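Structure record follows, encoded as structure tokens.
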Amino acid sequence: MTIFKYIKTVLYLCITINIFISCSSDDSTNNTESLTEEEAVELIEVSLQTRTGGLHQAAKMYSENIKKAIIVNEICNTLQEDTFPYTYEGNLITADRLFNLSYNVRCNFFNIPQTAEITATSSGTFTTQRIVSNDNSQTSLSVSGMQLLSNTLLFNGTYTREGTSQITINQTIRNINSSFDLEIINLTIDKQTLEIISGNALVNLTGTTNQGNPFSFEGAIIFNDNQTITLIINGNEYEININ
């Protein structure tokens, strides 16, 4: 074998070995990178969606109970508690959750509701095309706009969702532990439709992958009046349907 052929053979073997190693390290079930922005956006979306039992669905349930409280003045200044299940079965999304709600309606001297405080928890599972999750949520909100002449309810407070998820994006499967935290600012609910029509929130998503890689994303959310949000992360904007 000539020197030229020998070098050519060695180079060929090196290239072949590198390709093999590269392909072998691209194990779709053992990715060692931290969470990508695309995966973070997906997690935020499902934490807000109606069909997964996210914040949008929770806000509807809370608003419905507060509407009843406005009509039934007898519950003024007394703690009210309720438990209700939520299930959803569709072609691409399923969810099974249990909500526990406590609220206290503050009334004036004439027993007319003025404000309310809500604390709530939920637990359960959901499955989408990309995510399988088991998590818990905690909510603490103050409510205004309870006067009969007001067409909207106004929510301010916090919403947290913590748990474990398996994410499949771009043929990569990743298991993570995450905490999704929202600081809710003037979330406005239409009393008739129980839909979100405006509001803002600060979002913080943190956690670790199953390989121990930490991740952290901070951003802002604008709630629109068409069941969508505008999510801003790292200067990038995403229009997301939360119905």
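For the structure tokens, the naming scheme is as follows: chains receive sequential letters (A, B, ...) according to their order of presentation, residues are indexed from 1 within each chain, and ligands are indexed from 1 in presentation order.
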Tell me which protein, DNA and RNA residues are within 10 Å of Gln49 (chain A), counting only C-alpha atoms, leaving out same-chain ones fewer than 2 positions away, and put them as a tab-separated table (two decimals) with C-alpha atoms, in the first residue's frame.
chain	number	residue	atom	x	y	z
A	44	ILE	CA	-45.80	27.73	29.18
A	45	GLU	CA	-48.54	27.17	26.60
A	46	VAL	CA	-49.88	23.98	28.20
A	47	SER	CA	-49.73	25.58	31.67
A	51	ARG	CA	-58.08	22.00	27.60
A	52	THR	CA	-55.17	20.98	29.83
A	53	GLY	CA	-56.88	22.44	32.91
A	54	GLY	CA	-54.45	25.37	32.95
A	55	LEU	CA	-54.88	28.94	34.13
A	56	HIS	CA	-57.47	29.81	31.47
A	57	GLN	CA	-59.78	27.02	32.64
A	58	ALA	CA	-59.12	27.79	36.30
A	227	GLN	CA	-58.33	33.69	23.71
A	228	THR	CA	-54.68	34.18	22.81
A	240	ILE	CA	-50.26	31.42	21.50
A	241	ASN	CA	-53.83	30.10	21.53
A	242	ILE	CA	-54.79	29.20	25.11
A	243	ASN	CA	-58.31	27.94	24.39
Selection: 12 Å around Ile169 (chain A), only C-alpha atoms, excl. self and same-chain fewer than 5 positions, as a PyMOL selection string: chain A and resi 28-29+31+35-43+128-131+174-175
May I have all residues of region 46-231 of chain A that DSSP, computed from the backbone, assigns to strand (DSSP E or B), given as a JSON list (two decimals) with C-alpha atoms, in the first residue's frame?
[["chain", "number", "residue", "atom", "x", "y", "z"],
["A", 76, "CYS", "CA", -70.71, 37.76, 52.76],
["A", 79, "LEU", "CA", -65.25, 31.33, 53.97],
["A", 80, "GLN", "CA", -66.68, 29.30, 51.10],
["A", 81, "GLU", "CA", -65.13, 26.04, 49.88],
["A", 82, "ASP", "CA", -65.80, 23.91, 46.84],
["A", 83, "THR", "CA", -64.23, 20.95, 45.06],
["A", 84, "PHE", "CA", -64.82, 20.16, 41.42],
["A", 85, "PRO", "CA", -63.24, 17.80, 38.87],
["A", 86, "TYR", "CA", -62.16, 18.75, 35.38],
["A", 87, "THR", "CA", -61.78, 16.24, 32.56],
["A", 88, "TYR", "CA", -61.17, 16.71, 28.86],
["A", 89, "GLU", "CA", -60.88, 14.11, 26.11],
["A", 94, "THR", "CA", -56.63, 14.69, 27.38],
["A", 95, "ALA", "CA", -56.72, 16.01, 30.94],
["A", 96, "ASP", "CA", -57.89, 14.81, 34.34],
["A", 97, "ARG", "CA", -57.66, 17.24, 37.26],
["A", 98, "LEU", "CA", -59.23, 18.00, 40.61],
["A", 99, "PHE", "CA", -59.64, 21.60, 41.80],
["A", 100, "ASN", "CA", -60.06, 22.73, 45.41],
["A", 101, "LEU", "CA", -61.30, 26.29, 45.82],
["A", 102, "SER", "CA", -61.62, 28.53, 48.88],
["A", 103, "TYR", "CA", -62.84, 32.10, 48.71],
["A", 104, "ASN", "CA", -64.02, 34.84, 51.00],
["A", 105, "VAL", "CA", -66.30, 37.61, 49.73],
["A", 106, "ARG", "CA", -65.92, 40.99, 51.41],
["A", 107, "CYS", "CA", -69.11, 43.07, 51.54],
["A", 113, "PRO", "CA", -70.08, 42.34, 47.60],
["A", 114, "GLN", "CA", -67.03, 44.50, 46.98],
["A", 115, "THR", "CA", -63.94, 42.30, 46.80],
["A", 116, "ALA", "CA", -62.89, 38.69, 47.34],
["A", 117, "GLU", "CA", -59.81, 36.62, 48.12],
["A", 118, "ILE", "CA", -59.28, 33.29, 46.39],
["A", 119, "THR", "CA", -56.93, 30.45, 47.27],
["A", 120, "ALA", "CA", -57.03, 27.29, 45.20],
["A", 121, "THR", "CA", -55.09, 24.16, 44.38],
["A", 122, "SER", "CA", -55.33, 21.57, 41.65],
["A", 123, "SER", "CA", -53.61, 18.28, 40.87],
["A", 124, "GLY", "CA", -53.72, 15.84, 38.00],
["A", 125, "THR", "CA", -52.36, 14.86, 34.63],
["A", 126, "PHE", "CA", -52.63, 15.89, 31.00],
["A", 127, "THR", "CA", -51.34, 14.67, 27.66],
["A", 131, "ILE", "CA", -46.07, 16.68, 26.49],
["A", 132, "VAL", "CA", -47.14, 14.19, 29.14],
["A", 133, "SER", "CA", -47.34, 15.85, 32.55],
["A", 134, "ASN", "CA", -48.21, 15.18, 36.18],
["A", 135, "ASP", "CA", -48.35, 18.36, 38.26],
["A", 136, "ASN", "CA", -49.91, 20.47, 41.01],
["A", 137, "SER", "CA", -50.96, 24.10, 40.98],
["A", 138, "GLN", "CA", -51.43, 26.75, 43.66],
["A", 139, "THR", "CA", -53.36, 29.99, 43.18],
["A", 140, "SER", "CA", -53.70, 33.09, 45.34],
["A", 141, "LEU", "CA", -55.79, 35.94, 43.92],
["A", 142, "SER", "CA", -57.55, 39.09, 44.96],
["A", 143, "VAL", "CA", -60.73, 39.94, 43.05],
["A", 144, "SER", "CA", -62.36, 43.30, 42.40],
["A", 152, "THR", "CA", -65.80, 42.59, 34.36],
["A", 153, "LEU", "CA", -63.92, 40.92, 37.20],
["A", 154, "LEU", "CA", -60.33, 41.89, 37.91],
["A", 155, "PHE", "CA", -57.79, 39.36, 39.22],
["A", 156, "ASN", "CA", -54.38, 40.08, 40.74],
["A", 157, "GLY", "CA", -52.07, 37.60, 42.41],
["A", 158, "THR", "CA", -49.98, 34.52, 41.77],
["A", 159, "TYR", "CA", -50.33, 31.19, 39.98],
["A", 160, "THR", "CA", -47.77, 28.38, 40.29],
["A", 161, "ARG", "CA", -47.64, 25.02, 38.59],
["A", 162, "GLU", "CA", -45.04, 22.40, 39.58],
["A", 163, "GLY", "CA", -44.45, 18.84, 38.46],
["A", 164, "THR", "CA", -42.78, 16.37, 36.15],
["A", 165, "SER", "CA", -43.12, 16.28, 32.37],
["A", 166, "GLN", "CA", -41.91, 14.31, 29.40],
["A", 167, "ILE", "CA", -41.41, 16.48, 26.33],
["A", 168, "THR", "CA", -41.00, 15.20, 22.78],
["A", 169, "ILE", "CA", -39.85, 17.85, 20.29],
["A", 172, "THR", "CA", -35.88, 14.37, 21.20],
["A", 173, "ILE", "CA", -37.47, 12.98, 24.36],
["A", 174, "ARG", "CA", -36.66, 14.85, 27.55],
["A", 175, "ASN", "CA", -37.83, 14.29, 31.13],
["A", 176, "ILE", "CA", -37.87, 17.38, 33.34],
["A", 177, "ASN", "CA", -38.93, 18.76, 36.70],
["A", 178, "SER", "CA", -40.24, 22.29, 36.43],
["A", 179, "SER", "CA", -41.85, 25.17, 38.28],
["A", 180, "PHE", "CA", -44.00, 27.63, 36.33],
["A", 181, "ASP", "CA", -44.66, 30.88, 38.23],
["A", 182, "LEU", "CA", -46.91, 33.74, 37.17],
["A", 183, "GLU", "CA", -47.37, 37.14, 38.77],
["A", 184, "ILE", "CA", -50.80, 38.12, 37.47],
["A", 185, "ILE", "CA", -51.53, 41.81, 36.90],
["A", 186, "ASN", "CA", -55.07, 43.05, 36.19],
["A", 187, "LEU", "CA", -56.34, 39.87, 34.54],
["A", 188, "THR", "CA", -59.76, 40.99, 33.30],
["A", 189, "ILE", "CA", -62.63, 38.52, 32.91],
["A", 190, "ASP", "CA", -65.89, 39.24, 31.09],
["A", 196, "ILE", "CA", -60.18, 36.61, 29.56],
["A", 197, "ILE", "CA", -60.29, 39.91, 27.69],
["A", 198, "SER", "CA", -57.08, 41.61, 28.87],
["A", 199, "GLY", "CA", -54.30, 41.54, 31.42],
["A", 200, "ASN", "CA", -50.60, 41.02, 31.93],
["A", 201, "ALA", "CA", -48.29, 38.65, 33.78],
["A", 202, "LEU", "CA", -44.64, 38.15, 34.57],
["A", 203, "VAL", "CA", -43.53, 34.56, 33.97],
["A", 204, "ASN", "CA", -40.67, 32.58, 35.44],
["A", 205, "LEU", "CA", -40.02, 28.98, 34.33],
["A", 206, "THR", "CA", -37.28, 27.08, 36.17],
["A", 207, "GLY", "CA", -36.27, 23.48, 36.69],
["A", 208, "THR", "CA", -33.87, 20.70, 35.77],
["A", 209, "THR", "CA", -33.70, 17.99, 33.14],
["A", 214, "PRO", "CA", -30.75, 23.47, 35.20],
["A", 215, "PHE", "CA", -32.81, 25.90, 33.12],
["A", 216, "SER", "CA", -34.39, 29.28, 33.73],
["A", 217, "PHE", "CA", -36.57, 31.45, 31.50],
["A", 218, "GLU", "CA", -38.09, 34.82, 32.37],
["A", 219, "GLY", "CA", -40.57, 36.74, 30.29],
["A", 220, "ALA", "CA", -43.81, 38.65, 30.06],
["A", 221, "ILE", "CA", -47.31, 37.75, 28.94],
["A", 222, "ILE", "CA", -50.00, 39.94, 27.42],
["A", 223, "PHE", "CA", -53.51, 38.47, 27.56],
["A", 228, "THR", "CA", -54.68, 34.18, 22.81],
["A", 229, "ILE", "CA", -51.64, 35.52, 24.60],
["A", 230, "THR", "CA", -48.50, 37.27, 23.44],
["A", 231, "LEU", "CA", -45.49, 35.69, 25.14]]
Backbone DSSP call of helix (DSSP H, G or I) for region 3-243 of chain A, listed as a ChimeraX atom specification: /A:3-25,37-48,55-71,73-75
Residue with smallest distance to Tyr62 (chain A) - pool A:Thr50, A:Leu194, A:Tyr238, A:Asn77, counting only C-alpha atoms: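 That would be A:Leu194, the residue with the smallest distance to Tyr62 (chain A).
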Spatial neighbours of Asn151 (chain A), max dist 8 Å, only C-alpha atoms, sep filter under 3 positions, as a count of residues only: 5
